[in-house]
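Novice: Pasting start_7.tsv here (TSV, C-alpha atoms and all ligand atoms):
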chain	number	residue	atom	x	y	z
A	290	MET	CA	10.25	-29.20	-46.91
A	291	VAL	CA	7.56	-28.32	-44.38
A	292	LYS	CA	5.00	-31.06	-44.09
A	293	HIS	CA	1.34	-30.23	-43.85
A	294	LEU	CA	-0.38	-32.17	-41.12
A	295	LEU	CA	-3.81	-30.63	-41.63
A	296	SER	CA	-5.02	-28.83	-44.75
A	297	ILE	CA	-8.41	-27.19	-44.74
A	298	SER	CA	-9.80	-25.56	-47.84
A	299	GLY	CA	-13.09	-23.95	-48.72
A	300	LEU	CA	-14.67	-25.42	-45.59
A	301	ARG	CA	-18.31	-24.59	-44.98
A	302	ALA	CA	-20.44	-25.82	-42.09
A	303	GLY	CA	-23.22	-24.57	-39.87
A	304	TYR	CA	-26.10	-25.48	-37.61
A	305	GLY	CA	-29.37	-26.46	-39.25
A	306	GLY	CA	-29.89	-23.94	-41.99
A	307	LYS	CA	-27.56	-21.39	-40.40
A	308	PRO	CA	-24.18	-21.14	-42.15
A	309	VAL	CA	-21.24	-20.36	-39.83
A	310	LEU	CA	-18.05	-21.40	-41.64
A	311	GLN	CA	-18.07	-19.55	-44.95
A	312	GLY	CA	-15.10	-21.08	-46.73
A	313	VAL	CA	-12.23	-21.58	-44.27
A	314	ASP	CA	-8.72	-22.04	-45.66
A	315	LEU	CA	-6.02	-23.01	-43.17
A	316	THR	CA	-2.94	-25.20	-43.23
A	317	VAL	CA	-1.29	-26.57	-40.08
A	318	ASN	CA	2.32	-27.66	-40.40
A	319	ASP	CA	3.56	-30.83	-38.78
A	320	GLY	CA	5.23	-29.96	-35.45
A	321	GLU	CA	4.05	-26.37	-35.07
A	322	ILE	CA	1.98	-24.52	-32.50
A	323	LEU	CA	-0.59	-22.42	-34.32
A	324	ALA	CA	-2.93	-19.99	-32.60
A	325	LEU	CA	-6.37	-18.97	-33.81
A	326	ILE	CA	-7.90	-15.75	-32.52
A	327	GLY	CA	-11.06	-13.80	-33.27
A	328	ARG	CA	-14.04	-12.19	-31.60
A	329	ASN	CA	-16.72	-14.24	-29.89
A	330	GLY	CA	-19.09	-15.88	-32.34
A	331	VAL	CA	-16.87	-15.76	-35.45
A	332	GLY	CA	-16.78	-19.58	-35.70
A	333	LYS	CA	-13.59	-20.70	-33.96
A	334	SER	CA	-15.23	-23.49	-31.96
A	335	THR	CA	-17.34	-24.44	-34.96
A	336	LEU	CA	-14.16	-24.85	-37.01
A	337	ILE	CA	-12.59	-27.08	-34.37
A	338	LYS	CA	-15.79	-29.17	-34.19
A	339	ALA	CA	-15.80	-29.58	-37.96
A	340	ILE	CA	-12.14	-30.66	-37.90
A	341	ILE	CA	-12.75	-33.38	-35.33
A	342	GLY	CA	-16.01	-34.54	-36.88
A	343	LEU	CA	-18.73	-33.29	-34.55
A	344	LEU	CA	-20.21	-31.16	-37.32
A	345	PRO	CA	-20.55	-32.35	-40.92
A	346	PRO	CA	-19.14	-29.98	-43.54
A	347	SER	CA	-21.54	-28.85	-46.26
A	348	ASP	CA	-18.63	-28.11	-48.60
A	349	GLY	CA	-14.86	-28.02	-48.76
A	350	SER	CA	-12.08	-30.33	-47.71
A	351	ILE	CA	-10.25	-31.40	-44.56
A	352	ARG	CA	-7.10	-33.39	-45.20
A	353	PHE	CA	-5.02	-35.05	-42.50
A	354	ARG	CA	-1.59	-36.21	-43.69
A	355	GLY	CA	-2.91	-35.79	-47.21
A	356	ASP	CA	-6.02	-37.96	-46.79
A	357	GLU	CA	-9.53	-36.56	-46.89
A	358	ILE	CA	-11.19	-37.01	-43.47
A	359	GLY	CA	-14.20	-34.69	-43.89
A	360	GLY	CA	-16.62	-37.62	-44.06
A	361	MET	CA	-15.13	-39.69	-41.24
A	362	ALA	CA	-16.80	-40.26	-37.85
A	363	PRO	CA	-15.26	-38.51	-34.81
A	364	HIS	CA	-13.94	-41.77	-33.28
A	365	ALA	CA	-12.19	-42.65	-36.54
A	366	ARG	CA	-10.53	-39.22	-36.57
A	367	ALA	CA	-9.49	-39.66	-32.94
A	368	ARG	CA	-7.88	-42.96	-33.89
A	369	LEU	CA	-5.90	-41.20	-36.61
A	370	GLY	CA	-4.45	-38.94	-33.90
A	371	LEU	CA	-6.74	-35.92	-33.66
A	372	GLY	CA	-7.09	-34.95	-30.00
A	373	TYR	CA	-9.79	-32.51	-28.93
A	374	VAL	CA	-10.05	-30.53	-25.69
A	375	PRO	CA	-13.45	-28.80	-25.82
A	376	GLN	CA	-14.18	-25.25	-24.70
A	377	GLY	CA	-15.57	-25.53	-21.16
A	378	ARG	CA	-13.57	-28.74	-20.55
A	379	ASP	CA	-16.48	-31.22	-20.25
A	380	VAL	CA	-14.94	-33.67	-17.81
A	381	PHE	CA	-17.30	-36.25	-16.33
A	382	PRO	CA	-17.88	-34.79	-12.85
A	383	ARG	CA	-19.01	-37.95	-11.03
A	384	MET	CA	-16.33	-40.17	-12.48
A	385	SER	CA	-12.92	-40.24	-10.82
A	386	VAL	CA	-9.91	-38.55	-12.35
A	387	GLU	CA	-8.53	-41.93	-13.36
A	388	GLU	CA	-11.82	-43.02	-14.96
A	389	ASN	CA	-11.89	-39.79	-16.96
A	390	LEU	CA	-8.40	-40.56	-18.23
A	391	ARG	CA	-9.51	-44.07	-19.18
A	392	VAL	CA	-12.23	-42.58	-21.38
A	393	GLY	CA	-9.46	-40.87	-23.31
A	394	GLU	CA	-7.65	-44.16	-23.70
A	395	SER	CA	-10.74	-45.94	-25.02
A	396	ILE	CA	-11.48	-43.16	-27.52
A	397	ARG	CA	-8.04	-43.33	-29.05
A	398	GLY	CA	-7.27	-47.07	-28.75
A	399	GLY	CA	-3.67	-48.32	-28.84
A	400	ALA	CA	-1.09	-48.13	-26.07
A	401	PRO	CA	-1.95	-45.40	-23.55
A	402	ASP	CA	0.65	-43.28	-21.76
A	403	TYR	CA	-0.52	-42.57	-18.21
A	404	ASP	CA	3.01	-41.99	-16.89
A	405	GLN	CA	3.57	-39.00	-19.12
A	406	VAL	CA	0.24	-37.45	-18.11
A	407	TYR	CA	0.91	-37.95	-14.40
A	408	ARG	CA	4.44	-36.59	-14.82
A	409	TYR	CA	3.20	-33.40	-16.47
A	410	PHE	CA	0.20	-33.06	-14.15
A	411	PRO	CA	1.20	-34.51	-10.75
A	412	ILE	CA	-2.00	-33.14	-9.21
A	413	LEU	CA	-3.98	-35.61	-11.33
A	414	HIS	CA	-2.00	-38.46	-9.82
A	415	GLU	CA	-2.56	-37.10	-6.32
A	416	ARG	CA	-6.30	-36.77	-6.97
A	417	ARG	CA	-6.70	-39.83	-9.19
A	418	SER	CA	-9.38	-41.47	-7.02
A	419	GLN	CA	-11.44	-38.33	-6.48
A	420	PRO	CA	-14.52	-37.38	-8.51
A	421	ALA	CA	-13.48	-34.96	-11.25
A	422	GLY	CA	-16.24	-32.58	-10.12
A	423	THR	CA	-14.33	-31.88	-6.90
A	424	LEU	CA	-11.34	-30.46	-8.82
A	425	SER	CA	-10.83	-26.71	-9.35
A	426	GLY	CA	-11.48	-25.28	-12.83
A	427	GLY	CA	-7.77	-25.26	-13.59
A	428	GLN	CA	-7.35	-28.85	-12.45
A	429	GLN	CA	-10.34	-29.89	-14.58
A	430	GLN	CA	-8.65	-28.23	-17.56
A	431	GLN	CA	-5.50	-30.20	-16.82
A	432	LEU	CA	-7.64	-33.35	-16.68
A	433	ALA	CA	-9.33	-32.53	-19.99
A	434	ILE	CA	-5.90	-32.12	-21.57
A	435	GLY	CA	-4.56	-35.24	-19.84
A	436	ARG	CA	-7.55	-37.23	-21.08
A	437	VAL	CA	-6.47	-36.50	-24.64
A	438	LEU	CA	-2.74	-36.93	-24.02
A	439	VAL	CA	-3.11	-40.51	-22.70
A	440	GLY	CA	-4.01	-41.46	-26.27
A	441	ARG	CA	-0.78	-39.89	-27.65
A	442	PRO	CA	-2.39	-37.68	-30.28
A	443	ALA	CA	-0.50	-36.32	-33.27
A	444	ILE	CA	-2.36	-33.02	-33.02
A	445	LEU	CA	-3.94	-31.36	-30.01
A	446	LEU	CA	-6.84	-29.01	-30.68
A	447	LEU	CA	-7.25	-26.80	-27.60
A	448	ASP	CA	-10.37	-24.63	-27.49
A	449	GLU	CA	-9.86	-21.69	-25.11
A	450	PRO	CA	-8.00	-23.59	-22.39
A	451	SER	CA	-7.36	-20.45	-20.30
A	452	GLU	CA	-11.04	-19.53	-19.94
A	453	GLY	CA	-11.92	-19.05	-16.26
A	454	ILE	CA	-8.62	-20.39	-14.97
A	455	GLN	CA	-6.13	-18.85	-12.57
A	456	PRO	CA	-3.00	-17.38	-14.22
A	457	SER	CA	-0.52	-19.79	-12.61
A	458	ILE	CA	-2.29	-22.80	-14.14
A	459	VAL	CA	-2.52	-21.04	-17.50
A	460	GLN	CA	1.27	-20.61	-17.35
A	461	ASP	CA	1.71	-24.28	-16.43
A	462	ILE	CA	-0.42	-25.39	-19.36
A	463	ALA	CA	1.49	-23.11	-21.75
A	464	ARG	CA	4.84	-24.45	-20.51
A	465	ILE	CA	3.69	-28.07	-20.80
A	466	GLY	CA	2.34	-27.49	-24.30
A	467	VAL	CA	5.66	-26.03	-25.44
A	468	ASP	CA	7.59	-28.86	-23.78
A	469	LEU	CA	5.45	-31.54	-25.46
A	470	ASN	CA	5.83	-29.75	-28.77
A	471	GLN	CA	9.61	-29.57	-28.48
A	472	LYS	CA	10.21	-33.02	-26.99
A	473	THR	CA	7.63	-35.12	-28.82
A	474	GLY	CA	6.82	-33.05	-31.90
A	475	LEU	CA	3.18	-32.71	-30.86
A	476	THR	CA	1.36	-30.29	-33.17
A	477	ILE	CA	-0.99	-27.89	-31.37
A	478	VAL	CA	-3.85	-25.69	-32.58
A	479	LEU	CA	-4.62	-23.20	-29.82
A	480	VAL	CA	-7.86	-21.22	-29.91
A	481	GLU	CA	-7.36	-18.39	-27.42
A	482	GLN	CA	-8.24	-14.86	-26.38
A	483	ASN	CA	-5.38	-14.81	-23.87
A	484	ILE	CA	-2.61	-12.92	-25.64
A	485	ASP	CA	0.06	-13.84	-23.08
A	486	MET	CA	-0.68	-17.51	-23.55
A	487	ILE	CA	-0.50	-17.19	-27.33
A	488	ARG	CA	2.79	-15.34	-27.10
A	489	ALA	CA	4.19	-17.96	-24.74
A	490	MET	CA	3.23	-20.81	-27.05
A	491	ALA	CA	2.50	-20.05	-30.67
A	492	GLN	CA	4.79	-19.75	-33.66
A	493	ARG	CA	2.05	-18.54	-36.01
A	494	CYS	CA	-1.24	-16.81	-35.34
A	495	PHE	CA	-4.29	-16.62	-37.61
A	496	VAL	CA	-7.31	-14.38	-37.26
A	497	MET	CA	-10.87	-15.52	-37.92
A	498	ASP	CA	-13.77	-13.23	-38.72
A	499	LYS	CA	-17.29	-14.03	-39.95
A	500	GLY	CA	-16.57	-17.68	-40.64
A	501	ARG	CA	-13.29	-17.20	-42.50
A	502	VAL	CA	-9.58	-16.97	-41.78
A	503	ILE	CA	-8.83	-13.39	-42.77
A	504	ALA	CA	-5.24	-12.67	-41.69
A	505	GLU	CA	-1.99	-14.07	-40.37
A	506	LEU	CA	-0.07	-12.25	-37.63
A	507	THR	CA	3.26	-13.06	-36.08
A	508	PRO	CA	2.75	-13.55	-32.35
A	509	ASP	CA	4.93	-10.48	-31.49
A	510	LEU	CA	2.49	-8.28	-33.40
A	511	LEU	CA	0.09	-9.10	-30.58
A	512	GLU	CA	2.13	-6.73	-28.41
A	513	ASP	CA	0.48	-3.98	-30.42
A	514	ARG	CA	-2.68	-2.99	-28.55
A	515	ASP	CA	-4.29	-1.47	-31.67
A	516	ILE	CA	-3.92	-4.68	-33.59
A	517	VAL	CA	-5.32	-6.70	-30.74
A	518	ARG	CA	-8.24	-4.28	-30.41
A	519	ARG	CA	-8.95	-4.51	-34.12
A	520	TYR	CA	-9.09	-8.30	-34.16
A	521	LEU	CA	-10.37	-9.14	-30.72
A	522	ALA	CA	-12.32	-6.07	-29.66
A	523	VAL	CA	-10.77	-6.14	-26.19
B	1	LIG	N1	-24.95	-25.68	-31.25
B	1	LIG	C1	-25.22	-24.57	-31.92
B	1	LIG	N2	-26.42	-24.39	-32.53
B	1	LIG	C2	-26.70	-23.27	-33.23
B	1	LIG	N3	-25.85	-22.24	-33.37
B	1	LIG	C3	-24.64	-22.35	-32.80
B	1	LIG	C4	-24.27	-23.50	-32.04
B	1	LIG	N4	-23.01	-23.33	-31.58
B	1	LIG	C5	-22.61	-22.12	-32.02
B	1	LIG	N5	-23.58	-21.52	-32.76
B	1	LIG	C6	-23.51	-20.21	-33.42
B	1	LIG	O1	-22.47	-20.26	-34.40
B	1	LIG	C7	-21.73	-19.05	-34.42
B	1	LIG	C8	-20.27	-19.34	-34.16
B	1	LIG	O2	-20.11	-19.85	-32.85
B	1	LIG	P1	-18.75	-20.40	-32.29
B	1	LIG	O3	-18.11	-21.28	-33.31
B	1	LIG	O4	-19.03	-21.00	-30.96
B	1	LIG	O5	-17.89	-19.05	-32.15
B	1	LIG	P2	-16.54	-18.76	-31.36
B	1	LIG	O6	-15.99	-20.06	-30.87
B	1	LIG	O7	-15.66	-18.07	-32.35
B	1	LIG	O8	-16.90	-17.84	-30.23
B	1	LIG	C9	-22.38	-18.14	-33.38
B	1	LIG	O9	-23.29	-17.29	-34.03
B	1	LIG	C10	-23.09	-19.11	-32.46
B	1	LIG	O10	-24.22	-18.50	-31.88
B	2	MG	MG	-15.62	-20.75	-28.96
Please, can you express the file's structure as structure tokens?
Ligand SMILES: Nc1ncnc2c1ncn2[C@@H]1O[C@H](COP(=O)(O)OP(=O)(O)O)[C@@H](O)[C@H]1O
Ligand SMILES: [Mg+2]
Specialist:
Amino acid sequence: MVKHLLSISGLRAGYGGKPVLQGVDLTVNDGEILALIGRNGVGKSTLIKAIIGLLPPSDGSIRFRGDEIGGMAPHARARLGLGYVPQGRDVFPRMSVEENLRVGESIRGGAPDYDQVYRYFPILHERRSQPAGTLSGGQQQQLAIGRVLVGRPAILLLDEPSEGIQPSIVQDIARIGVDLNQKTGLTIVLVEQNIDMIRAMAQRCFVMDKGRVIAELTPDLLEDRDIVRRYLAV
């Protein structure tokens, strides 16, 4: 039987009086890589923020391993194993690479795994004493991912990791995500516009529009330009 790691139903949330999520239903299976696509502004980042607790839901349910977490604080959700890599990366530019990674450790608690992070991202080891602000965009993305991985999350929520990054690093990140998924069973939710990255990583792909999940596509359907145009307007 497939186990559900995350089950979202009827989720509504917004900013002030402005509703954004209009009843999201989505189930993430334990051990899968699931991609979420959709035009700019449809609520993908808002959904991820609601899942990790940065935005309180006004209605609906978020269950993690069967338990309701919709009312829990972000740090409590992080401790349960929800790892969040924000859109735009948000590393601390004046702190060193190593200090940024330590923030990840303190957020999650428990035994950190620096070796794994440095093995996957050797550049972070090389640059560990340098301020994070001196890294390239791609290296900062690797650091943002590493910062979450030190805490050994059960699920990694990646919000547009390829944005503004050179293709070779995008490929590296895709390969590492697949390797972690296969070797450690890490579950990944990948919000992306980059079709190649989705096809390299995801087993299932869902489409969001106007604050709802409206369709499921198999990743090979993304080869079809008309379908991509319809859902992404690219
Ligand atoms: N902090 C915020 N305050 C008010 N409105 C916001 C905020 N963040 C996003 N929005 C609005 O919510 C809607 C969904 O945004 P977002 O979830 O970022 O979309 P996506 O990630 O799919 O591009 C947009 O209309 C956006 O302008
Ligand atoms: Mg977004």
Novice: Residues within 8 Å of Asn318 in chain A, please, as a ChimeraX atom specification. Count all atoms listed in the file; anything in the same chain fewer than 6 positions from it doesn't count.
Specialist: /A:291-295,476
Novice: Which residues sit within 8 Å of ligand MG 2 (chain B), counting all atoms listed in the file, listed as a count of residues only?
Specialist: 10
Novice: To one decimal in Å, tell me the separation between CA of Asp468 in chain A and CA of Asp319 in chain A.
Specialist: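 Taking CA of Asp468 in chain A and CA of Asp319 in chain A, their separation equals 15.7 Å.
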Novice: Counting all atoms listed in the file, figure out which residue out of A:Ala463, A:Leu447, A:Leu511, A:Met497 gets nearest to ligand LIG 1 (chain B).
Specialist: A:Met497
Novice: Point out the residue among A:Gln482, A:Gln428, A:Gln460, A:Ser347 with the least atom-to-atom distance to Leu413 in chain A, counting only C-alpha atoms.
Specialist: A:Gln428
Novice: Please check which protein, DNA or RNA residues sit within 12 Å of ligand LIG 1 (chain B), counting all atoms listed in the file, and write them as number ranges by chain.
Specialist: A: 302-311, 325-339, 343-344, 375-377, 447-449, 452, 479-482, 496-502, 520-521
Novice: CA of Ile462 in chain A to CA of Ile434 in chain A: how many Å, to one decimal?
Specialist: 9.0 Å
Novice: So, counting all atoms listed in the file, which residue among A:Ser350, A:Gln455, A:Ser296, A:Thr316 is closest to Arg493 in chain A?
Specialist: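 Among A:Ser350, A:Gln455, A:Ser296, A:Thr316, it is A:Thr316 that comes nearest to Arg493 in chain A.
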Novice: With all atoms listed in the file as the basis for distance, which of A:Asn483, A:Gln405, A:Gln471, A:Ser385 is at the shortest distance from Val437 in chain A?
Specialist: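 So, comparing all the options, the nearest one is A:Gln405.
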Novice: Could you work out an axis-aligned bounding box for all listed atoms of range 463-467 of chain A, with 3 Å added on each of the six sides, and give its centre and edge lengths in Å to one decimal, as lines of an AutoDock Vina configuration file?
Specialist:
center_x = 3.6
center_y = -25.6
center_z = -23.0
size_x = 10.2
size_y = 11.0
size_z = 10.9
Novice: Write out as a ChimeraX atom specification the residues lying within 10 Å of range 388-399 of chain A, counting all atoms listed in the file and excluding same-chain residues fewer than 2 positions away.
Specialist: /A:363-372,380-386,401-403,406,413,417-421,432-442
Novice: Could you please determine the separation between CA of Met361 in chain A and CA of Ile322 in chain A in Å, to one decimal place?
Specialist: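 CA of Ile322 in chain A lies 24.5 Å from CA of Met361 in chain A.
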Novice: Within 9 Å of Asp379 in chain A, counting only C-alpha atoms, which residues show up once you throw out same-chain ones fewer than 5 positions away? Write them as a PyMOL selection string, please.
Specialist: chain A and resi 374+429-430+433
Novice: Would you mind telling me which residue in A:Ile487, A:Ala443, A:Ile516, A:Leu300 lies nearest to Ala504 in chain A when using only C-alpha atoms?
Specialist: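 Looking at the shortest contact to Ala504 in chain A, the residue is A:Ile516.
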